[in-house]
Structure formats: structure tokens, C-alpha cells
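Reviewing the structure listed below.
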Amino acid sequence: MVSLTTSPLVSVVIPTYNHSQYLPIAIKSVLDQTYPNIEIVIVDNYSTDKTEEIVKSFQDNQPGEENTRVIKYFKFANKGIIAASRNYGIKQAQGEYIAFLDSDDVWYEDKTTQQVKVISRDQEIGLVYCTFNMINGEGVSIKKVVGPNVHDIKGYCYDQLLNCNFVVASSALVKKQVLDDVGGFDESEDLVASEDYDLWLNIARQYKIEYVDGVHGDYRVHAANVSADGFRVQKAINVVGKHVQKGWLTKHKYNQCCGNFYFREGWSVIGADVKFARQNFIKTIKVSLGHPHLFIFGIVSLFFSVFPSFCVFIKNYQPCNTWINKILDIQNIRKKAPAAQNKRKTVALLCTALHGLGGTSQHMLQLYRHLDHQKYRVLLVFYSRCKDQMVNFFKSGGVKAEDIYYVPFSFNTLFLGGISRLRHLWSSERVDIVHSFFLHSDILAYVSALLSGGRCLISSVEGKFLLDETNGIPKWKQFCYRHINNAIRKAFCKTITVSNDLRQEVLEASREVSDIQVIPIGISVPDTQNVMAHNNHDAKVVASVSRLTKDKGVHYFIEAISYIHARLPHVKFVVAGSGEEESRLKQLAFDLGVDRRIDFVGWVDDIGGFLNNIDVFVMPSMREGCPVGLLEAFSHKMPVVGFSVAGVNEVLIHQKNGLAAPPYETRILAEHIVSLVNDDAEALRLGENAYKDVVERFTIDNEIIAIDKIYQGCFT
């Protein structure tokens with residue numbers, strides 16, 4: 001027996017309404033507790049039966065001066081919201097600990113003693129709970145228990161509690177200070193009958209939850225039981241939705257929770273209502289695209305629902321139950337406090353760099369260099385034909401060899417080996433976030449994550465979203481890409497676009513986007529001011545720098561040169577970059593008679609050094625996501641000429657920070673080049689304005705802050 005003099009007071013809050021047939025049993029079960037120091041706070045919602053008489057009879061039978069079982073009785077109109085009655089009872093309670101008991105449930109005599117022993121041993125524990133036996137209205141055992149299927153769910157288990165409410169209200173013992181900290185029960189109407197679940201989640205976000213082994217009470221199921229409400233799944237979803245609104249959960253985790261609720265509801269009714277069970281399995285499939293185990297279980301369950309007897313057998317087979325709960329992440333308990341979970345998260349940046357180096361490769365390198373490596377381990381994963389070129393580029397940029405992963409490209413590995421390698425990589429390296437670039441990478445990320453147990457998926461769109469005839473894509477492929485995108489887009493926690501134009505394109509191409517945000521690509525702005533290169537050498541240099549592919553429009557630059565090369569005999573024209581169009585561009589220069597005026601210098605590793613030695617930068621792209629080459633030129637105070645096409649026109653403002661020609665008007669592009677070569681003052685003015693623009697709007701620091709917020713949102 002625990003000594004009264006050393007035992008903190010436990011207040012037992014019992015809300016009731018017209019439960020006179022059950023209330024005496026509930027009260028007696030509290031009075032029979034072996035724990036010595038208890039008060040009972042009964043909150044009556046103005047019952048019309050004999051509730052008041054029953055309570056008075058118990059009060060009259062309590063001893064006087066030696067009373068260790070004080071019974072307090074209050075009438076309180078809760079307007080149908082039981083949370084209000086419980087909160088009122090908490091306010092009247094004097095105990096250090098608060099226990100809850102529904103007026104139709106029953107405690108076993110050692111429940112309070114065992115729970116106080118556990119909750120008092122650790123200041124970080126906010127709540128203790130136990131398992132209850134299930135009984136019917138007549139008090140006959142149904143031979144089932146309510147509570148966790150796995151009895152060691154304890155510690156900081158917010159994530160597990162999100163998947164399933166395993167805390168029976170009448171089993172909970174909570175520190176009163178904890179209730180004050182989290183604000184008690186939410187009295188919102190849309191949380192009626194799930195207000196206890198909401199409170200447990202609020203507690204689990206900040207405190208440990210501990211389990212007391214064994215069955216310590218009876219949970220009564222009868223016709224008037226509020227918990228039997230057929231809308232319990234929707235009410236649980238309302239609770240989780242509240243946590244999303246408060247920013248505590250991502251949409252990705254919300255979908256997982258909803259899938260869990262629907263899946264469990266389907267199996268709970270499979271023997272009694274097959275149609276309702278199937279409806280829940282279909283809902284599971286719809287919300288679980290980004291959660292492979294739930295998605296697969298939903299499909300399998302829907303298939304086997306045509307054999308309800310077999311499903312009932314599986315449902316009642318305990319080893320199968322335990323295995324499913326393990327798969328659904330009920331057993332995998334966190335052992336550390338949320339505040340202490342500061343281990344580095346692993347982020348994989350995935351790109352299908354089929355044609356080798358380009359703007360996305362450079363962007364991945366920038367993210368690797370500037371993300372906080374105390375927060376994140378960053379992996380650069382590329383799926384390409386150009387292994388040596390990509391590996392050497394990343395290594396020369398300071399990437400550790402162990403952070404570079406190459407997946408060889410072939411049409412066979414695209415669907416089998418490539419996905420298998422990625423699936424293994426996500427699991428072996430314990431990747432938390434897969435951040436993919438462009439639709440091809442999104443497809444690989446989605447399928448490989450689906451097969452590896454699910455990851456938080458983030459998509460970045462940095463160029464034309466859905467390729468079409470202008471990119472050489474036949475209509476049947478366009479059809480496939482569009483429908484694949486619609487199938488997978490919802491699974492991504494966030495879709496990032498680098499321009500408003502691309503954002504609109506994604507919205508138009510996708511039936512549903514979970515979340516979309518515009519984050520322009522940022523660059524490292526040089527600390528030292530660039531001096532105009534024409535002050536340092538005799539011949540001026542006009543150059544373009546890009547990957548040599550059709551969409552970069554270098555053929556327009558060559559065509560413009562053919563119009564003006566005779567007027568600018570001392571100007572040197574340079575094409576920097578490499579790619580599949582290189583031989584065709586050289587042939588075009590020969591055909592136009594300007595091959596002797598143009599230097600094809602290949603890929604440039606030191607872009608800063610290259611820009612410091614040119615006078616006019618030309619961007620003839622047919623379209624850009626966010627024109628990184630243009631931003632690099634801005635950062636070196638280069639006067640810029642380009643086409644006013646999608647993506648470029650959000651950065652290049654005509655006569656403010658450069659000169660913009662109408663799309664594909666090569667003669668106007670040529671005249672702009674001539675004007676900047678011949679007017680040093682105007683070139684200097686535009687270069688200064690360009691530098692100010694990039695410092696204000698396009699620094700890598702601004703981008704990293706925005707990306708970090710997205711990553712942290714995945715771990716909330």
C-alpha cells in the first residue's frame with residue numbers, strides 16, 4: 001500500500017449524462033482503488049435520470065475526517081460537447097494528476113497505483129495509459145482488448161499516435177501541469193467524440209507517453225456509447241487536419257494518416273459490412289500514392305474483400321495482425337525527445353542528366369555547397385550516359401566522393417536496374433527526402449520511393465515541364481508523360497518552380513498539385529566588382545555560354561553574327577559549351593561564312609574567369625526556366641542581350657538591366673549587340689543595374705533559406 005502522506009492527489013474526472021445504470025459501478029471501481037489519495041469530480045450534464053441521487057448516496061457513505069475519497073458533484077450544461085465537461089472537471093480538480101473515467105467504464109483496483117509509479121519516475125512523462133478489456137452493455141466480456149496491439153508503444157511516439165489512436169480515454173492518467181501547458185481539450189464541434197485523440201497528440205508532441213503493462217479496466221460498448229459513432233474516421237481526420245493547419249504536419253504525412261484510418265476502418269467492418277469496407281479500401285488507395293505499403297495493402301485488401309470469410313480469418317490471426325502493424329509503423333517508436341532529434345537528415349538530389357552537364361548540374365552543386373551540412377547530409381545522384389564528365393565536375397566543385405552516386409543509363413536499366421539501384425540507395429543510405437529535378441527524375445523518384453517504403457518527395461521544375469514537338473517528342477509520348485504526371489504529382493509534398501511562367505505550366509498540366517512554390521535559382525555573387533573587360537584588351541569579345549542543344553538557340557546567335565560581322569571587324573565572337581548540336585552549329589557557321597569569326601571553345605569550367613574576359617553576353621535561348629547563365633553575367637556586371645521569351649523575360653528587363661529583342665528576331669538581336677559594343681557608357685549603366693538586380697533578387701542565400709524551410713517542413 002502506498003502511504004497517503006507521500007502520495008500525490010489524483011483527481012478522477014467523470015463526465016456523465018443519463019448513465020444511472022452504469023455510474024454506480026464506475027464510482028465504486030474508483031473507490032476500490034488500492035491507491036490511497038483520490039478525489040472524484042463528477043460533472044453531470046443535467047441528467048434526467050437518478051444520477052444525482054446515486055452520487056449523493058455515495059457522498060453520504062463516505063467517512064468524515066479520515067476521508068481519502070472525496071466525491072465532488074457539479075452540474076454543467078455542455079451543449080453536447082463532452083470536452084467542455086472534461087475541461088470543467090479539470091478546473092475543479094485539486095490533484096497533481098488527472099485521470100479520466102467515462103461513466104460507463106470500469107477500473108481494476110490496481111490501475112491508479114501502477115500508473116502513479118510510472119508517471120512519477122520521469123519528469124518528461126506527460127501521460128500514462130494501459131489496455132482495457134471490452135465488455136457489452138450487460139458487463140459480459142467480448143474477449144477483445146482496446147489499446148495498442150503492440151504493448152511497448154511508449155516514449156516520444158507522436159508519429160505512431162498519428163497513425164492510430166491507441167490510448168483509451170478511461171485509461172489515461174495525465175499530469176495537471178501538462179494539461180495546463182497544452183490547453184486541455186479542444187471544444188470545437190468538429191472534434192466531438194475525438195477530442196481525447198486531439199489532446200493525446202498535443203501531449204505526445206512535447207512529452208513522453210508511457211504504457212503500463214497489463215489490462216487494468218473494462219471498456220463498455222453499448223448502443224448509447226458516443227464512441228460508437230459511425231463517423232469516427234472522419235473525426236480522426238479532422239484532428240489530424242487541425243495539426244496540418246497549425247503547421248505541425250506536412251500534407252504528405254496527413255495523407256499517410258488518412259490512409260491508415262481508412263485501412264483500419266475497412267478491416268474493422270470487413271465481416272459485418274463488406275460494401276463499407278471496400279469503400280474504405282478504395283479511399284486508402286486514393287490517398288496513399290506516396291506511401292507504398294498502404295497503397296499496396298489497400299489494393300490487396302480490396303481484392304480479397306470478395307472473400308469476406310477469409311478476411312475475417314486473417315483479421316483474427318494475431319501474427320498477421322502484428323506484422324501489419326509493424327509495416328504500418330506502429331511498432332517503430334522514437335526513443336529520443338523531439339527537441340533532441342537533431343541528427344542530420346539525408347537529402348538526395350536526383351537528376352536525369354542524360355546529356356551531361358548543364359544548368360541543373362551546376363544548380364545541384366550550388367545546393368550541395370550552401371546547404372547546412374550540420375543539418376543535412378546531401379547526396380548528388382545522377383542518372384546519365386556521361387559518368388566521367390559528371391563525376392569529375394562534382395569532385396572539382398568540392399563534392400566528397402562518397403556523396404556522389406552514379407546510375408548508368410540504358411533503356412533496360414531505365415525501368416528495371418535503375419529503379420532497383422535507386423530503391424536500394426534510398427534504403428541503405430536512409431534517405432529522408434528525395435528532391436528530384438524535371439519530370440523524368442520525378443518518375444524515377446516516385447517509383448523507387450514507392451518500392452523502398454516511402455520517402456518525402458520534392459520536385460523542382462527548372463525548364464519546360466511537359467516536352468512537346470518543339471523538343472522532338474512525338475504525340476504518343478506527350479500523352480504518356482501527361483498522364484504519368486497526373487498520376488504521381490499528388491505524391492510530392494512540394495513542387496518548386498523557378499519562375500511564375502513554369503508555375504502556370506505545372507498548374508495547367510496537372511489535375512492536382514499538392515503544393516507549389518516559386519523559388520528563383522540563386523547564385524553566388526562575387527564580392528569584388530568586375531572591371532569592364534574592354535579596358536584590358538584591344539579586341540572586344542561577344543559571347544554566349546550554354547549547353548549546345550536546340551532549345552538554347554545558339555543558331556540564332558550565329559545567324560545574328562552573319563548580319564553584323566562585317567560592321568564589327570575587330571570584335572571576337574565566342575560560343576562556349578558542348579552538346580549534341582555542336583557539329584550542326586559549326587556547319588551552320590561555315591554555311592553562313594562566319595566560321596573564321598567564331599571560336600567554339602567547348603565547355604567552360606571557370607565561368608567567372610570566362611565572364612571577366614568578355615564584353616557583351618548574349619542569351620539567345622528559345623525558353624528558360626530561370627536563366628542561370630544570365631544571372632551569372634549579371635553578377636559580373638555584364639551588359640546582356642537576349643530574346644524576351646518565357647523565363648528570360650522575368651529576369652531581363654529591356655533597357656533597365658539589358659536589351660531584349662522580340663522572340664527569334666535575329667536582326668534586332670544583332671542590332672542590340674552592335675549598340676552595346678559601340679556604346680561603353682550604356683553598357684556600363686546596364687551592367688551596374690544588372691548587378692543590383694541580382695543582389696536584390698537572386699542570391700544563393702535567399703534560395704537556401706526558402707529550400708531549408710521546405711526541408712524542415714518535411715520533418716515537422
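Naming scheme: A, B, ... for chains in displayed order of the C-alpha cells; residues 1 onward per chain; ligands 1 onward as shown.
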Filtered DSSP result for range 518-654 of chain A, state helix (DSSP H, G or I), as an MDAnalysis selection string: chainID A and resid 533:535 550:552 554:564 582:591 607:611 628:635 648:650
Please produce a file of those selected residues containing C-alpha atoms, as a PDB file, in the first residue's frame.
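again.pdb, written as the output of this step:
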```
ATOM      1  CA  ALA A 533      36.944  43.717 -69.901  1.00  0.00           C
ATOM      2  CA  HIS A 534      37.333  46.020 -72.907  1.00  0.00           C
ATOM      3  CA  ASN A 535      39.580  48.210 -70.755  1.00  0.00           C
ATOM      4  CA  LYS A 550      18.454  23.152 -79.842  1.00  0.00           C
ATOM      5  CA  ASP A 551      16.402  24.917 -77.160  1.00  0.00           C
ATOM      6  CA  LYS A 552      19.378  27.119 -76.203  1.00  0.00           C
ATOM      7  CA  VAL A 554      22.731  29.285 -80.302  1.00  0.00           C
ATOM      8  CA  HIS A 555      21.878  29.023 -84.019  1.00  0.00           C
ATOM      9  CA  TYR A 556      20.096  32.384 -83.637  1.00  0.00           C
ATOM     10  CA  PHE A 557      23.305  33.902 -82.237  1.00  0.00           C
ATOM     11  CA  ILE A 558      25.275  32.566 -85.227  1.00  0.00           C
ATOM     12  CA  GLU A 559      22.672  33.927 -87.609  1.00  0.00           C
ATOM     13  CA  ALA A 560      22.883  37.363 -85.903  1.00  0.00           C
ATOM     14  CA  ILE A 561      26.671  37.305 -86.276  1.00  0.00           C
ATOM     15  CA  SER A 562      26.259  36.785 -90.009  1.00  0.00           C
ATOM     16  CA  TYR A 563      24.411  40.134 -90.206  1.00  0.00           C
ATOM     17  CA  ILE A 564      26.968  42.224 -88.311  1.00  0.00           C
ATOM     18  CA  GLU A 582      27.850  21.279 -81.657  1.00  0.00           C
ATOM     19  CA  SER A 583      28.635  19.785 -85.079  1.00  0.00           C
ATOM     20  CA  ARG A 584      25.443  21.210 -86.607  1.00  0.00           C
ATOM     21  CA  LEU A 585      26.256  24.685 -85.258  1.00  0.00           C
ATOM     22  CA  LYS A 586      29.775  24.555 -86.689  1.00  0.00           C
ATOM     23  CA  GLN A 587      28.313  23.548 -90.036  1.00  0.00           C
ATOM     24  CA  LEU A 588      25.836  26.451 -89.836  1.00  0.00           C
ATOM     25  CA  ALA A 589      28.684  28.891 -89.146  1.00  0.00           C
ATOM     26  CA  PHE A 590      30.525  27.521 -92.201  1.00  0.00           C
ATOM     27  CA  ASP A 591      27.434  27.780 -94.396  1.00  0.00           C
ATOM     28  CA  ILE A 607      32.556  30.555 -65.654  1.00  0.00           C
ATOM     29  CA  GLY A 608      33.618  33.530 -63.510  1.00  0.00           C
ATOM     30  CA  GLY A 609      37.007  33.809 -65.196  1.00  0.00           C
ATOM     31  CA  PHE A 610      35.380  33.485 -68.602  1.00  0.00           C
ATOM     32  CA  LEU A 611      32.877  36.274 -67.904  1.00  0.00           C
ATOM     33  CA  VAL A 628      21.339  30.858 -64.596  1.00  0.00           C
ATOM     34  CA  GLY A 629      23.821  31.908 -67.280  1.00  0.00           C
ATOM     35  CA  LEU A 630      22.107  35.277 -67.473  1.00  0.00           C
ATOM     36  CA  LEU A 631      22.281  35.672 -63.684  1.00  0.00           C
ATOM     37  CA  GLU A 632      25.994  34.804 -63.713  1.00  0.00           C
ATOM     38  CA  ALA A 633      26.538  37.519 -66.318  1.00  0.00           C
ATOM     39  CA  PHE A 634      24.541  39.970 -64.186  1.00  0.00           C
ATOM     40  CA  SER A 635      26.729  39.156 -61.183  1.00  0.00           C
ATOM     41  CA  VAL A 648      14.101  35.126 -69.536  1.00  0.00           C
ATOM     42  CA  ASN A 649      11.517  37.924 -69.537  1.00  0.00           C
ATOM     43  CA  GLU A 650      11.124  37.581 -65.735  1.00  0.00           C
TER      44      GLU A 650
END
```
Residues within 10 Å of Asn255 in chain A, only C-alpha atoms, excluding chain neighbours under 5 positions, as a ChimeraX atom specification: /A:237,240-241,250,260-261,284,286-291,490-491
Write the residues of the preceding selection, restricted to all heavy atoms, as a compact mmCIF listing (two decimals), in the first residue's frame.
```
# COMPACT_ATOMS: atom_id res chain seq x y z
N ILE A 237 -9.77 12.22 -38.83
CA ILE A 237 -9.17 13.02 -39.91
C ILE A 237 -9.25 14.50 -39.57
O ILE A 237 -8.33 15.27 -39.85
CB ILE A 237 -9.86 12.70 -41.25
CG1 ILE A 237 -9.48 11.29 -41.70
CG2 ILE A 237 -9.50 13.72 -42.31
CD1 ILE A 237 -10.22 10.81 -42.92
N VAL A 240 -6.32 15.29 -37.28
CA VAL A 240 -5.05 15.38 -37.99
C VAL A 240 -5.02 16.63 -38.88
O VAL A 240 -3.99 17.30 -39.01
CB VAL A 240 -4.80 14.11 -38.82
CG1 VAL A 240 -3.50 14.21 -39.59
CG2 VAL A 240 -4.78 12.89 -37.90
N GLY A 241 -6.18 16.96 -39.48
CA GLY A 241 -6.26 18.18 -40.29
C GLY A 241 -5.96 19.42 -39.49
O GLY A 241 -5.34 20.37 -39.99
N THR A 250 3.02 17.83 -42.38
CA THR A 250 3.01 18.08 -43.82
C THR A 250 1.80 17.38 -44.44
O THR A 250 1.21 16.47 -43.86
CB THR A 250 4.28 17.54 -44.48
OG1 THR A 250 4.30 16.11 -44.32
CG2 THR A 250 5.53 18.14 -43.85
N ASN A 260 -4.11 5.31 -43.23
CA ASN A 260 -4.14 4.40 -42.08
C ASN A 260 -5.55 4.29 -41.51
O ASN A 260 -6.03 3.19 -41.22
CB ASN A 260 -3.19 4.91 -41.00
CG ASN A 260 -1.88 4.15 -40.97
OD1 ASN A 260 -1.86 2.94 -40.87
ND2 ASN A 260 -0.79 4.88 -41.07
N PHE A 261 -6.21 5.43 -41.33
CA PHE A 261 -7.56 5.43 -40.75
C PHE A 261 -8.53 4.64 -41.63
O PHE A 261 -9.30 3.81 -41.14
CB PHE A 261 -8.07 6.86 -40.58
CG PHE A 261 -7.27 7.70 -39.62
CD1 PHE A 261 -7.16 9.07 -39.78
CD2 PHE A 261 -6.60 7.11 -38.56
CE1 PHE A 261 -6.42 9.84 -38.91
CE2 PHE A 261 -5.86 7.87 -37.67
CZ PHE A 261 -5.76 9.24 -37.85
N THR A 284 -8.33 4.38 -49.13
CA THR A 284 -6.92 4.14 -48.77
C THR A 284 -6.03 4.27 -49.99
O THR A 284 -4.99 4.94 -49.96
CB THR A 284 -6.76 2.73 -48.16
OG1 THR A 284 -7.59 2.61 -47.01
CG2 THR A 284 -5.31 2.48 -47.78
N LYS A 286 -6.58 5.86 -52.80
CA LYS A 286 -6.59 7.21 -53.36
C LYS A 286 -5.63 8.15 -52.65
O LYS A 286 -5.01 9.01 -53.28
CB LYS A 286 -8.00 7.79 -53.32
CG LYS A 286 -8.96 7.19 -54.35
CD LYS A 286 -10.33 7.85 -54.27
CE LYS A 286 -11.26 7.33 -55.34
NZ LYS A 286 -12.60 7.95 -55.27
N VAL A 287 -5.53 8.02 -51.32
CA VAL A 287 -4.71 8.98 -50.57
C VAL A 287 -3.29 8.48 -50.32
O VAL A 287 -2.49 9.19 -49.73
CB VAL A 287 -5.37 9.35 -49.22
CG1 VAL A 287 -6.73 9.95 -49.44
CG2 VAL A 287 -5.44 8.14 -48.28
N SER A 288 -2.97 7.26 -50.78
CA SER A 288 -1.70 6.63 -50.38
C SER A 288 -0.72 6.46 -51.52
O SER A 288 0.16 5.61 -51.45
CB SER A 288 -1.98 5.26 -49.73
OG SER A 288 -2.81 5.39 -48.61
N LEU A 289 -0.82 7.29 -52.57
CA LEU A 289 0.09 7.14 -53.70
C LEU A 289 1.54 7.33 -53.29
O LEU A 289 2.44 6.72 -53.85
CB LEU A 289 -0.28 8.14 -54.80
CG LEU A 289 -1.57 7.84 -55.56
CD1 LEU A 289 -1.89 8.98 -56.52
CD2 LEU A 289 -1.47 6.54 -56.32
N GLY A 290 1.77 8.17 -52.30
CA GLY A 290 3.14 8.41 -51.85
C GLY A 290 3.57 7.52 -50.70
O GLY A 290 4.65 7.70 -50.15
N HIS A 291 2.74 6.52 -50.36
CA HIS A 291 3.03 5.64 -49.22
C HIS A 291 2.83 4.19 -49.67
O HIS A 291 1.73 3.65 -49.60
CB HIS A 291 2.13 5.98 -48.04
CG HIS A 291 2.21 7.41 -47.64
ND1 HIS A 291 3.22 7.89 -46.82
CD2 HIS A 291 1.48 8.50 -47.98
CE1 HIS A 291 3.08 9.20 -46.66
NE2 HIS A 291 2.03 9.58 -47.36
N LYS A 490 0.42 14.19 -57.08
CA LYS A 490 -0.15 14.35 -55.75
C LYS A 490 0.77 13.79 -54.66
O LYS A 490 0.68 14.18 -53.49
CB LYS A 490 -1.51 13.65 -55.70
CG LYS A 490 -2.29 13.86 -54.43
CD LYS A 490 -3.65 13.17 -54.51
CE LYS A 490 -4.42 13.33 -53.20
NZ LYS A 490 -5.72 12.64 -53.24
N ALA A 491 1.65 12.85 -55.05
CA ALA A 491 2.52 12.21 -54.05
C ALA A 491 3.65 13.12 -53.58
O ALA A 491 4.29 12.83 -52.57
CB ALA A 491 3.11 10.92 -54.63
```
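Distances from A:Ala690, A:Leu676, A:Val233, A:Ala646 to Glu265 in chain A were compared using only C-alpha atoms, and the smallest one belongs to A:Val233.
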For Glu189 in chain A, the nearest of the candidates A:Gln62, A:Gln123, A:Val239, A:Glu52, counting only C-alpha atoms: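 Closest to Glu189 in chain A, using only C-alpha atoms: A:Val239.
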Which of A:Ala509, A:Asn678, A:Asp180, A:Asp190 sits closest to Asn486 in chain A [using only C-alpha atoms]: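 Among A:Ala509, A:Asn678, A:Asp180, A:Asp190, it is A:Ala509 that comes nearest to Asn486 in chain A.
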Residues within 12 Å of range 243-247 of chain A, only C-alpha atoms, excluding chain neighbours under 5 positions, as a list in words: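 Here the qualifying residues turn out to be Tyr158, Leu162, Tyr197, Asp198, Leu199, Leu201, Asn202, Arg205, Ala236, Ile237, Asn238, His252, Lys253, Tyr254, Asn255, Cys257, Lys709, Ile710, Gln712, Gly713, Cys714, Phe715 and Thr716 of chain A.
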Please dump the current selection as a short mmCIF file (atom, residue, chain, number, x, y, z; two decimals), in the first residue's frame; keep C-alpha atoms.
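Full text of again_31.cif as output:
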```
data_model
loop_
_atom_site.label_atom_id
_atom_site.label_comp_id
_atom_site.auth_asym_id
_atom_site.auth_seq_id
_atom_site.Cartn_x
_atom_site.Cartn_y
_atom_site.Cartn_z
CA TYR A 158 3.74 11.32 -31.75
CA LEU A 162 -0.90 9.87 -35.65
CA TYR A 197 -7.37 11.89 -29.52
CA ASP A 198 -6.53 15.54 -30.18
CA LEU A 199 -5.36 16.01 -26.59
CA LEU A 201 -1.50 14.14 -29.83
CA ASN A 202 -0.89 17.56 -28.30
CA ARG A 205 4.28 16.41 -29.38
CA ALA A 236 -9.97 11.41 -36.56
CA ILE A 237 -9.17 13.02 -39.91
CA ASN A 238 -10.48 16.32 -38.53
CA HIS A 252 2.47 14.04 -47.09
CA LYS A 253 2.11 12.82 -43.51
CA TYR A 254 -1.56 13.82 -43.47
CA ASN A 255 -2.24 11.55 -46.44
CA CYS A 257 -2.61 9.21 -41.58
CA LYS A 709 12.07 25.89 -44.81
CA ILE A 710 10.65 23.29 -47.18
CA GLN A 712 12.29 21.40 -42.32
CA GLY A 713 8.57 21.23 -43.07
CA CYS A 714 9.07 17.60 -44.05
CA PHE A 715 10.40 16.83 -40.55
CA THR A 716 7.79 18.71 -38.52
#
```
Nearest candidate to Lys283 in chain A (options A:Gly266, A:Gly398, A:Gly577, A:Gly463; using only C-alpha atoms): A:Gly266
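Secondary structure by DSSP on the backbone puts the following residues of range 197-323 of chain A in strand (DSSP E or B): Lys208, Ile209, Glu210, Tyr211, Val212, Asp213, Gly214, Val215, His216, Gly217, Asp218, Tyr219, Arg220 and Val221 of chain A.
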Can you tell me, as a PDB file with N, CA, C and O atoms, in the first residue's frame, what residues are no more than 7 Å from range 572-574 of chain A when counting only C-alpha atoms, ignoring any on the same chain fewer than 4 positions away?
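To be explicit, this is the file written out as part.pdb:
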```
ATOM      1  N   ALA A 539      40.743  43.910 -78.532  1.00  0.00           N
ATOM      2  CA  ALA A 539      39.537  43.458 -79.229  1.00  0.00           C
ATOM      3  C   ALA A 539      38.443  43.120 -78.230  1.00  0.00           C
ATOM      4  O   ALA A 539      38.675  42.439 -77.227  1.00  0.00           O
ATOM      5  N   LYS A 540      37.243  43.612 -78.502  1.00  0.00           N
ATOM      6  CA  LYS A 540      36.113  43.275 -77.649  1.00  0.00           C
ATOM      7  C   LYS A 540      35.621  41.860 -77.963  1.00  0.00           C
ATOM      8  O   LYS A 540      35.775  41.356 -79.078  1.00  0.00           O
ATOM      9  N   VAL A 541      34.981  41.255 -76.935  1.00  0.00           N
ATOM     10  CA  VAL A 541      34.533  39.867 -77.055  1.00  0.00           C
ATOM     11  C   VAL A 541      33.034  39.814 -76.798  1.00  0.00           C
ATOM     12  O   VAL A 541      32.542  40.320 -75.781  1.00  0.00           O
ATOM     13  N   VAL A 542      32.298  39.212 -77.732  1.00  0.00           N
ATOM     14  CA  VAL A 542      30.862  38.962 -77.584  1.00  0.00           C
ATOM     15  C   VAL A 542      30.673  37.454 -77.527  1.00  0.00           C
ATOM     16  O   VAL A 542      31.134  36.738 -78.437  1.00  0.00           O
ATOM     17  N   ALA A 543      30.020  36.966 -76.463  1.00  0.00           N
ATOM     18  CA  ALA A 543      29.995  35.512 -76.261  1.00  0.00           C
ATOM     19  C   ALA A 543      28.649  35.032 -75.733  1.00  0.00           C
ATOM     20  O   ALA A 543      27.897  35.783 -75.098  1.00  0.00           O
ATOM     21  N   SER A 544      28.390  33.772 -76.015  1.00  0.00           N
ATOM     22  CA  SER A 544      27.284  33.055 -75.372  1.00  0.00           C
ATOM     23  C   SER A 544      27.867  31.840 -74.660  1.00  0.00           C
ATOM     24  O   SER A 544      28.869  31.272 -75.105  1.00  0.00           O
ATOM     25  N   ARG A 597      35.150  33.681 -87.883  1.00  0.00           N
ATOM     26  CA  ARG A 597      34.939  34.751 -86.900  1.00  0.00           C
ATOM     27  C   ARG A 597      34.466  34.216 -85.541  1.00  0.00           C
ATOM     28  O   ARG A 597      34.353  34.978 -84.583  1.00  0.00           O
ATOM     29  N   ILE A 598      34.153  32.937 -85.479  1.00  0.00           N
ATOM     30  CA  ILE A 598      33.591  32.373 -84.247  1.00  0.00           C
ATOM     31  C   ILE A 598      34.537  31.324 -83.682  1.00  0.00           C
ATOM     32  O   ILE A 598      34.971  30.402 -84.390  1.00  0.00           O
ATOM     33  N   ASP A 599      34.848  31.457 -82.391  1.00  0.00           N
ATOM     34  CA  ASP A 599      35.631  30.451 -81.678  1.00  0.00           C
ATOM     35  C   ASP A 599      34.683  29.558 -80.884  1.00  0.00           C
ATOM     36  O   ASP A 599      33.935  30.037 -80.017  1.00  0.00           O
ATOM     37  N   PHE A 600      34.689  28.249 -81.181  1.00  0.00           N
ATOM     38  CA  PHE A 600      33.956  27.273 -80.373  1.00  0.00           C
ATOM     39  C   PHE A 600      34.943  26.743 -79.330  1.00  0.00           C
ATOM     40  O   PHE A 600      35.846  25.967 -79.661  1.00  0.00           O
TER      41      PHE A 600
END
```
Which residues are close to range 23-34 of chain A, i.e. within 6 Å by only C-alpha atoms, leaving aside same-chain residues fewer than 5 positions away? Reply as a JSON list (two decimals) with N, CA and C atoms, in the first residue's frame.
```
[["chain", "number", "residue", "atom", "x", "y", "z"],
["A", 103, "SER", "N", -18.37, 7.39, -17.57],
["A", 103, "SER", "CA", -19.29, 6.89, -16.54],
["A", 103, "SER", "C", -19.84, 5.51, -16.84],
["A", 105, "ASP", "N", -17.58, 3.07, -17.97],
["A", 105, "ASP", "CA", -16.41, 2.20, -17.93],
["A", 105, "ASP", "C", -16.05, 1.84, -16.49],
["A", 106, "VAL", "N", -15.09, 0.92, -16.35],
["A", 106, "VAL", "CA", -14.74, 0.38, -15.03],
["A", 106, "VAL", "C", -13.22, 0.27, -14.92],
["A", 107, "TRP", "N", -12.69, 0.60, -13.73],
["A", 107, "TRP", "CA", -11.27, 0.39, -13.45],
["A", 107, "TRP", "C", -11.07, -0.86, -12.61],
["A", 109, "GLU", "N", -8.65, -2.58, -9.63],
["A", 109, "GLU", "CA", -8.26, -1.93, -8.38],
["A", 109, "GLU", "C", -6.83, -1.41, -8.32],
["A", 110, "ASP", "N", -5.91, -1.98, -9.10],
["A", 110, "ASP", "CA", -4.51, -1.53, -9.00],
["A", 110, "ASP", "C", -4.13, -0.54, -10.11]]
```
Atom-to-atom span, CA of Tyr156 in chain A and CA of Gln114 in chain A, Å: 20.4 Å
Selection near range 271-278 of chain A, 8 Å with only C-alpha atoms, sequence-local residues under 3 positions removed, as a PyMOL selection string: chain A and resi 265-268+281-282+302+305+308-309+311-312
